[in-house]
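Peer 1: Data: my_file04.pdb, PDB, C-alpha atoms, pLDDT in the B column.
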```
ATOM      1  CA  GLY A  30      53.948  87.469 161.929  1.00 44.00           C
ATOM      2  CA  GLY A  31      55.497  89.207 164.902  1.00 44.00           C
ATOM      3  CA  GLN A  32      58.717  87.225 164.824  1.00 48.00           C
ATOM      4  CA  LYS A  33      59.558  88.410 161.337  1.00 50.00           C
ATOM      5  CA  THR A  34      59.034  92.019 162.420  1.00 53.00           C
ATOM      6  CA  ILE A  35      61.280  91.638 165.478  1.00 51.00           C
ATOM      7  CA  CYS A  36      64.247  89.926 163.750  1.00 61.00           C
ATOM      8  CA  PRO A  37      63.735  90.282 160.005  1.00 59.00           C
ATOM      9  CA  LEU A  38      67.276  89.230 159.069  1.00 58.00           C
ATOM     10  CA  LEU A  39      66.869  85.905 160.883  1.00 60.00           C
ATOM     11  CA  PHE A  40      64.033  85.012 158.523  1.00 58.00           C
ATOM     12  CA  ASP A  41      65.547  86.512 155.349  1.00 58.00           C
ATOM     13  CA  TYR A  42      66.834  83.445 153.522  1.00 54.00           C
ATOM     14  CA  SER A  43      68.036  85.505 150.527  1.00 58.00           C
ATOM     15  CA  CYS A  44      70.447  87.546 152.635  1.00 54.00           C
ATOM     16  CA  SER A  45      73.908  86.070 152.027  1.00 52.00           C
ATOM     17  CA  PHE A  46      75.692  88.093 154.711  1.00 50.00           C
ATOM     18  CA  CYS A  47      73.051  87.567 157.398  1.00 52.00           C
ATOM     19  CA  TRP A  48      72.465  84.376 159.289  1.00 51.00           C
ATOM     20  CA  GLY A  49      73.807  81.286 157.573  1.00 55.00           C
ATOM     21  CA  GLY A  50      71.615  78.505 156.288  1.00 59.00           C
ATOM     22  CA  GLY A  51      69.856  76.659 159.051  1.00 66.00           C
ATOM     23  CA  ASP A  52      70.189  79.307 161.739  1.00 75.00           C
ATOM     24  CA  VAL A  53      66.442  79.595 162.317  1.00 79.00           C
ATOM     25  CA  GLN A  54      66.250  75.826 162.718  1.00 82.00           C
ATOM     26  CA  TRP A  55      69.329  75.728 164.970  1.00 82.00           C
ATOM     27  CA  THR A  56      67.941  78.510 167.158  1.00 85.00           C
ATOM     28  CA  TYR A  57      64.599  76.716 167.428  1.00 89.00           C
ATOM     29  CA  GLN A  58      66.315  73.437 168.298  1.00 90.00           C
ATOM     30  CA  THR A  59      68.412  75.213 170.915  1.00 89.00           C
ATOM     31  CA  CYS A  60      65.246  76.655 172.461  1.00 92.00           C
ATOM     32  CA  THR A  61      63.317  73.378 172.384  1.00 92.00           C
ATOM     33  CA  GLU A  62      65.926  70.634 172.923  1.00 90.00           C
ATOM     34  CA  PHE A  63      69.557  71.553 173.483  1.00 85.00           C
ATOM     35  CA  GLY A  64      69.676  74.691 175.604  1.00 84.00           C
ATOM     36  CA  PHE A  65      73.285  75.104 174.506  1.00 82.00           C
ATOM     37  CA  TYR A  66      74.131  78.766 174.471  1.00 79.00           C
ATOM     38  CA  GLN A  67      77.613  80.085 173.829  1.00 76.00           C
ATOM     39  CA  THR A  68      78.184  82.756 176.407  1.00 76.00           C
ATOM     40  CA  CYS A  69      81.249  84.282 177.930  1.00 75.00           C
ATOM     41  CA  GLU A  70      80.274  85.418 181.398  1.00 75.00           C
ATOM     42  CA  ASP A  71      83.296  84.033 183.268  1.00 75.00           C
ATOM     43  CA  ALA A  72      85.903  86.673 184.178  1.00 77.00           C
ATOM     44  CA  THR A  73      88.649  84.502 182.633  1.00 77.00           C
ATOM     45  CA  CYS A  74      86.860  84.222 179.285  1.00 73.00           C
ATOM     46  CA  PRO A  75      88.954  85.729 176.474  1.00 69.00           C
ATOM     47  CA  PHE A  76      85.891  86.713 174.431  1.00 68.00           C
ATOM     48  CA  SER A  77      83.284  89.402 174.899  1.00 66.00           C
ATOM     49  CA  GLY A  78      81.155  89.117 178.012  1.00 67.00           C
ATOM     50  CA  MET A  79      78.456  91.168 176.345  1.00 72.00           C
ATOM     51  CA  LEU A  80      76.447  88.142 175.239  1.00 75.00           C
ATOM     52  CA  THR A  81      74.921  86.566 178.318  1.00 80.00           C
ATOM     53  CA  LEU A  82      72.729  83.538 178.898  1.00 84.00           C
ATOM     54  CA  GLN A  83      69.832  85.920 179.554  1.00 84.00           C
ATOM     55  CA  ASP A  84      70.385  87.562 176.156  1.00 81.00           C
ATOM     56  CA  ASP A  85      70.411  84.209 174.382  1.00 83.00           C
ATOM     57  CA  THR A  86      67.374  82.778 176.107  1.00 88.00           C
ATOM     58  CA  GLN A  87      65.369  85.935 175.371  1.00 87.00           C
ATOM     59  CA  LEU A  88      65.341  84.866 171.725  1.00 86.00           C
ATOM     60  CA  CYS A  89      63.138  81.864 172.535  1.00 90.00           C
ATOM     61  CA  PRO A  90      59.978  83.771 173.528  1.00 92.00           C
ATOM     62  CA  LEU A  91      60.779  86.559 171.098  1.00 88.00           C
ATOM     63  CA  LEU A  92      61.099  84.350 168.017  1.00 86.00           C
ATOM     64  CA  PHE A  93      59.106  81.240 168.849  1.00 89.00           C
ATOM     65  CA  GLY A  94      56.841  82.036 171.815  1.00 92.00           C
ATOM     66  CA  ILE A  95      58.753  79.532 173.984  1.00 93.00           C
ATOM     67  CA  SER A  96      58.980  80.509 177.646  1.00 93.00           C
ATOM     68  CA  GLN A  97      62.472  80.948 179.092  1.00 91.00           C
ATOM     69  CA  HIS A  98      61.258  79.129 182.201  1.00 93.00           C
ATOM     70  CA  SER A  99      60.443  75.998 180.168  1.00 94.00           C
ATOM     71  CA  LEU A 100      63.998  75.613 178.836  1.00 93.00           C
ATOM     72  CA  PRO A 101      65.469  73.505 181.698  1.00 93.00           C
ATOM     73  CA  ALA A 102      62.624  70.980 181.482  1.00 95.00           C
ATOM     74  CA  ARG A 103      62.953  70.797 177.684  1.00 94.00           C
ATOM     75  CA  VAL A 104      66.700  70.097 177.928  1.00 92.00           C
ATOM     76  CA  ALA A 105      66.144  67.511 180.678  1.00 94.00           C
ATOM     77  CA  PHE A 106      63.577  65.734 178.490  1.00 95.00           C
ATOM     78  CA  THR A 107      65.978  65.640 175.517  1.00 91.00           C
ATOM     79  CA  ASN A 108      68.788  64.241 177.664  1.00 89.00           C
ATOM     80  CA  ALA A 109      66.506  61.614 179.198  1.00 91.00           C
ATOM     81  CA  TYR A 110      65.072  60.630 175.805  1.00 91.00           C
ATOM     82  CA  TYR A 111      68.421  60.311 173.995  1.00 86.00           C
ATOM     83  CA  GLY A 112      70.540  59.232 176.946  1.00 85.00           C
ATOM     84  CA  GLY A 113      72.562  62.428 177.372  1.00 83.00           C
ATOM     85  CA  ALA A 114      76.274  61.648 177.735  1.00 78.00           C
ATOM     86  CA  LYS A 115      75.390  57.942 177.957  1.00 79.00           C
ATOM     87  CA  ALA A 116      73.665  57.714 174.596  1.00 80.00           C
ATOM     88  CA  HIS A 117      72.637  54.263 173.425  1.00 77.00           C
ATOM     89  CA  THR A 118      73.193  54.638 169.715  1.00 80.00           C
ATOM     90  CA  HIS A 119      73.806  52.313 166.836  1.00 82.00           C
ATOM     91  CA  ARG A 120      76.425  52.975 164.153  1.00 85.00           C
ATOM     92  CA  VAL A 121      77.226  56.506 165.239  1.00 86.00           C
ATOM     93  CA  LEU A 122      80.624  58.175 165.577  1.00 85.00           C
ATOM     94  CA  TYR A 123      80.934  61.085 167.977  1.00 86.00           C
ATOM     95  CA  ILE A 124      83.783  63.254 166.694  1.00 88.00           C
ATOM     96  CA  ASN A 125      85.062  66.113 168.822  1.00 88.00           C
ATOM     97  CA  GLY A 126      87.990  68.486 168.879  1.00 88.00           C
ATOM     98  CA  GLY A 127      89.910  69.521 171.950  1.00 87.00           C
ATOM     99  CA  ILE A 128      89.206  73.182 171.273  1.00 85.00           C
ATOM    100  CA  ASP A 129      85.661  72.592 170.056  1.00 82.00           C
ATOM    101  CA  PRO A 130      82.950  74.319 172.123  1.00 78.00           C
ATOM    102  CA  TRP A 131      80.388  71.817 170.830  1.00 79.00           C
ATOM    103  CA  GLN A 132      82.071  68.909 172.623  1.00 82.00           C
ATOM    104  CA  GLU A 133      79.943  69.792 175.656  1.00 79.00           C
ATOM    105  CA  LEU A 134      76.925  68.554 173.679  1.00 79.00           C
ATOM    106  CA  SER A 135      78.543  65.325 172.595  1.00 84.00           C
ATOM    107  CA  VAL A 136      79.694  61.959 173.807  1.00 82.00           C
ATOM    108  CA  VAL A 137      83.453  62.190 174.314  1.00 80.00           C
ATOM    109  CA  SER A 138      84.285  58.831 175.899  1.00 77.00           C
ATOM    110  CA  ASP A 139      83.828  55.310 174.572  1.00 70.00           C
ATOM    111  CA  LYS A 140      83.242  54.249 178.186  1.00 66.00           C
ATOM    112  CA  THR A 141      79.760  55.744 178.038  1.00 59.00           C
ATOM    113  CA  LEU A 142      78.712  53.776 174.939  1.00 57.00           C
ATOM    114  CA  ALA A 143      77.357  50.278 174.473  1.00 58.00           C
ATOM    115  CA  GLU A 144      80.070  47.664 174.105  1.00 61.00           C
ATOM    116  CA  ASP A 145      78.813  46.202 170.819  1.00 62.00           C
ATOM    117  CA  GLY A 146      81.329  48.223 168.792  1.00 63.00           C
ATOM    118  CA  GLU A 147      78.533  49.838 166.851  1.00 72.00           C
ATOM    119  CA  ALA A 148      79.259  53.334 168.152  1.00 76.00           C
ATOM    120  CA  GLY A 149      82.436  55.131 169.002  1.00 80.00           C
ATOM    121  CA  THR A 150      84.180  58.356 169.747  1.00 83.00           C
ATOM    122  CA  ILE A 151      87.065  60.109 168.081  1.00 85.00           C
ATOM    123  CA  PHE A 152      88.648  62.897 170.095  1.00 86.00           C
ATOM    124  CA  ILE A 153      91.111  65.082 168.217  1.00 88.00           C
ATOM    125  CA  GLU A 154      93.241  66.817 170.835  1.00 85.00           C
ATOM    126  CA  ASP A 155      94.245  70.032 169.120  1.00 83.00           C
ATOM    127  CA  THR A 156      91.533  70.838 166.615  1.00 85.00           C
ATOM    128  CA  ALA A 157      88.407  72.916 166.426  1.00 82.00           C
ATOM    129  CA  HIS A 158      84.868  72.240 165.273  1.00 79.00           C
ATOM    130  CA  CYS A 159      84.600  70.201 162.040  1.00 83.00           C
ATOM    131  CA  ALA A 160      88.354  70.024 161.390  1.00 85.00           C
ATOM    132  CA  ASP A 161      87.944  66.374 160.400  1.00 85.00           C
ATOM    133  CA  MET A 162      85.536  67.381 157.634  1.00 83.00           C
ATOM    134  CA  MET A 163      88.028  69.624 155.869  1.00 86.00           C
ATOM    135  CA  SER A 164      90.174  68.476 152.970  1.00 88.00           C
ATOM    136  CA  ARG A 165      93.438  66.819 153.911  1.00 88.00           C
ATOM    137  CA  ARG A 166      96.476  69.111 153.892  1.00 91.00           C
ATOM    138  CA  VAL A 167     100.160  68.462 154.417  1.00 93.00           C
ATOM    139  CA  THR A 168     100.000  70.915 157.327  1.00 91.00           C
ATOM    140  CA  ASP A 169      97.404  68.824 159.232  1.00 90.00           C
ATOM    141  CA  ARG A 170      98.419  68.033 162.795  1.00 88.00           C
ATOM    142  CA  CYS A 171      99.320  64.436 163.628  1.00 87.00           C
ATOM    143  CA  SER A 172      96.261  64.024 165.856  1.00 86.00           C
ATOM    144  CA  LEU A 173      94.004  65.032 162.968  1.00 88.00           C
ATOM    145  CA  LYS A 174      95.727  62.648 160.554  1.00 86.00           C
ATOM    146  CA  LYS A 175      95.323  59.759 163.013  1.00 82.00           C
ATOM    147  CA  ALA A 176      91.668  60.621 163.556  1.00 82.00           C
ATOM    148  CA  ARG A 177      90.772  60.334 159.893  1.00 81.00           C
ATOM    149  CA  LYS A 178      89.512  56.796 160.271  1.00 79.00           C
ATOM    150  CA  ILE A 179      85.897  57.831 159.841  1.00 81.00           C
ATOM    151  CA  GLU A 180      85.585  56.338 156.377  1.00 81.00           C
ATOM    152  CA  LYS A 181      86.842  52.999 157.690  1.00 84.00           C
ATOM    153  CA  HIS A 182      84.144  52.936 160.397  1.00 83.00           C
ATOM    154  CA  VAL A 183      81.360  53.874 158.003  1.00 86.00           C
ATOM    155  CA  ALA A 184      82.529  51.412 155.332  1.00 89.00           C
ATOM    156  CA  GLY A 185      82.541  48.635 157.924  1.00 88.00           C
ATOM    157  CA  TRP A 186      79.039  49.524 159.090  1.00 89.00           C
ATOM    158  CA  LEU A 187      77.752  49.624 155.503  1.00 92.00           C
ATOM    159  CA  LYS A 188      79.284  46.219 154.819  1.00 94.00           C
ATOM    160  CA  THR A 189      77.710  44.802 157.986  1.00 90.00           C
ATOM    161  CA  ALA A 190      74.333  46.320 157.098  1.00 91.00           C
ATOM    162  CA  ALA A 191      74.498  44.797 153.608  1.00 94.00           C
ATOM    163  CA  GLN A 192      75.353  41.389 155.089  1.00 93.00           C
ATOM    164  CA  GLU A 193      72.477  41.663 157.563  1.00 91.00           C
ATOM    165  CA  LYS A 194      70.111  42.554 154.737  1.00 92.00           C
ATOM    166  CA  MET A 195      71.268  39.556 152.678  1.00 92.00           C
ATOM    167  CA  GLU A 196      70.883  37.242 155.675  1.00 92.00           C
ATOM    168  CA  LYS A 197      67.308  38.433 156.201  1.00 91.00           C
ATOM    169  CA  ARG A 198      66.468  37.767 152.573  1.00 88.00           C
ATOM    170  CA  GLY A 199      68.069  34.338 152.510  1.00 77.00           C
ATOM    171  CA  GLY A 200      67.523  33.197 156.057  1.00 57.00           C
TER     172      GLY A 200
END
```
Render the structure in this file as structure tokens.
Peer 2:
Amino acid sequence: GGQKTICPLLFDYSCSFCWGGGDVQWTYQTCTEFGFYQTCEDATCPFSGMLTLQDDTQLCPLLFGISQHSLPARVAFTNAYYGGAKAHTHRVLYINGGIDPWQELSVVSDKTLAEDGEAGTIFIEDTAHCADMMSRRVTDRCSLKKARKIEKHVAGWLKTAAQEKMEKRGG
């Protein structure tokens, strides 16, 4: 349709140098739920100020027929539904880096989570997005090494889930 004519590279899944995998979905989710646009309109911003919020939000009607004016209500609904910064989640780790632009979309303090120990945050002071997912290296910063307790959390949750399942069967 019209969207594919307007931005053909966005919908060309065979193009290895174009948009990465999942960009259409991410853009749609940004237009319908998150409203998180990476802009640099502040005079102190070290990056290009050429990409503005207006530029980003123009993609929504262009690609998906979603009105720019509906974006604030969509984001408010998502935050209300999921709890925003006070998410009530079960067995979820929120992992953020100190120089990670995505931390604005995440839970960064354990104080905002339920006190059942079934969710938590890991904040890695001096790392960027997804640093904790990279292979371990001898050059890793101390904060990153200390933060690599993810496996321990998940293993504990899996053990608890298995015990709960056994109790349901036997009890």
Peer 1: Residue by residue, what does the PyMOL selection byres ((chain A and resi 172-177) around 12) grab here? Present the result as a short mmCIF file (atom, residue, chain, number, x, y, z; two decimals) with C-alpha atoms, in the coordinates of the input.
Peer 2:
```cif
data_model
loop_
_atom_site.label_atom_id
_atom_site.label_comp_id
_atom_site.auth_asym_id
_atom_site.auth_seq_id
_atom_site.Cartn_x
_atom_site.Cartn_y
_atom_site.Cartn_z
CA LEU A 122 80.62 58.18 165.58
CA TYR A 123 80.93 61.08 167.98
CA ILE A 124 83.78 63.25 166.69
CA ASN A 125 85.06 66.11 168.82
CA GLY A 126 87.99 68.49 168.88
CA GLY A 127 89.91 69.52 171.95
CA THR A 150 84.18 58.36 169.75
CA ILE A 151 87.06 60.11 168.08
CA PHE A 152 88.65 62.90 170.10
CA ILE A 153 91.11 65.08 168.22
CA GLU A 154 93.24 66.82 170.84
CA ASP A 155 94.24 70.03 169.12
CA THR A 156 91.53 70.84 166.62
CA ALA A 157 88.41 72.92 166.43
CA HIS A 158 84.87 72.24 165.27
CA CYS A 159 84.60 70.20 162.04
CA ALA A 160 88.35 70.02 161.39
CA ASP A 161 87.94 66.37 160.40
CA MET A 162 85.54 67.38 157.63
CA MET A 163 88.03 69.62 155.87
CA SER A 164 90.17 68.48 152.97
CA ARG A 165 93.44 66.82 153.91
CA ARG A 166 96.48 69.11 153.89
CA VAL A 167 100.16 68.46 154.42
CA THR A 168 100.00 70.92 157.33
CA ASP A 169 97.40 68.82 159.23
CA ARG A 170 98.42 68.03 162.79
CA CYS A 171 99.32 64.44 163.63
CA LYS A 178 89.51 56.80 160.27
CA ILE A 179 85.90 57.83 159.84
CA GLU A 180 85.58 56.34 156.38
CA LYS A 181 86.84 53.00 157.69
CA HIS A 182 84.14 52.94 160.40
CA VAL A 183 81.36 53.87 158.00
#
```
Peer 1: In Å, rounded to a single decimal, give me how far CA of Leu187 in chain A is from CA of Arg120 in chain A.
Peer 2: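 Separation of CA of Arg120 in chain A and CA of Leu187 in chain A: 9.4 Å.
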Peer 1: Tell me which protein, DNA and RNA residues are within 9 Å of range 86-91 of chain A, counting all atoms listed in the file, leaving out same-chain ones fewer than 2 positions away, and put them as a list in words.
Peer 2: Gly31, Gln32, Ile35, Cys36, Thr56, Tyr57, Thr59, Cys60, Thr61, Gly64, Tyr66, Thr81, Leu82, Gln83, Asp84, Phe93, Gly94, Ile95, Ser96, Gln97 and Leu100 of chain A
Peer 1: Would you save the residues from that selection as a CSV table (one decimal), in the coordinates of the input, using C-alpha atoms?
Peer 2:
```csv
chain,number,residue,atom,x,y,z
A,31,GLY,CA,55.5,89.2,164.9
A,32,GLN,CA,58.7,87.2,164.8
A,35,ILE,CA,61.3,91.6,165.5
A,36,CYS,CA,64.2,89.9,163.8
A,56,THR,CA,67.9,78.5,167.2
A,57,TYR,CA,64.6,76.7,167.4
A,59,THR,CA,68.4,75.2,170.9
A,60,CYS,CA,65.2,76.7,172.5
A,61,THR,CA,63.3,73.4,172.4
A,64,GLY,CA,69.7,74.7,175.6
A,66,TYR,CA,74.1,78.8,174.5
A,81,THR,CA,74.9,86.6,178.3
A,82,LEU,CA,72.7,83.5,178.9
A,83,GLN,CA,69.8,85.9,179.6
A,84,ASP,CA,70.4,87.6,176.2
A,93,PHE,CA,59.1,81.2,168.8
A,94,GLY,CA,56.8,82.0,171.8
A,95,ILE,CA,58.8,79.5,174.0
A,96,SER,CA,59.0,80.5,177.6
A,97,GLN,CA,62.5,80.9,179.1
A,100,LEU,CA,64.0,75.6,178.8
```
Peer 1: If you measure from CA of Ala72 in chain A to CA of Asp85 in chain A, what distance in Å do you get, rounded to one decimal?
Peer 2: 18.5 Å
Peer 1: So the first atom is CA of Cys74 in chain A and the second is CA of Asp129 in chain A; what is the distance between them in Å, to one decimal place?
Peer 2: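 Those two atoms sit 14.9 Å apart.
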Peer 1: For Pro101 in chain A, which residue out of A:Phe63, A:Val53, A:Ala148, A:Lys194 is the nearest one, using all atoms listed in the file?
Peer 2: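 Answer, going by the shortest atom-to-atom distance: A:Phe63.
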Peer 1: Would you please work out which residue, of A:Ala114, A:Ala109, A:Val136, A:Leu80, is nearest to Thr68 in chain A when using only C-alpha atoms?
Peer 2: A:Leu80
Peer 1: Counting all atoms listed in the file, figure out which residue out of A:Gln58, A:Gly149, A:Lys188, A:Ser138 gets nearest to Val121 in chain A.
Peer 2: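 Smallest distance to Val121 in chain A is found for A:Gly149.
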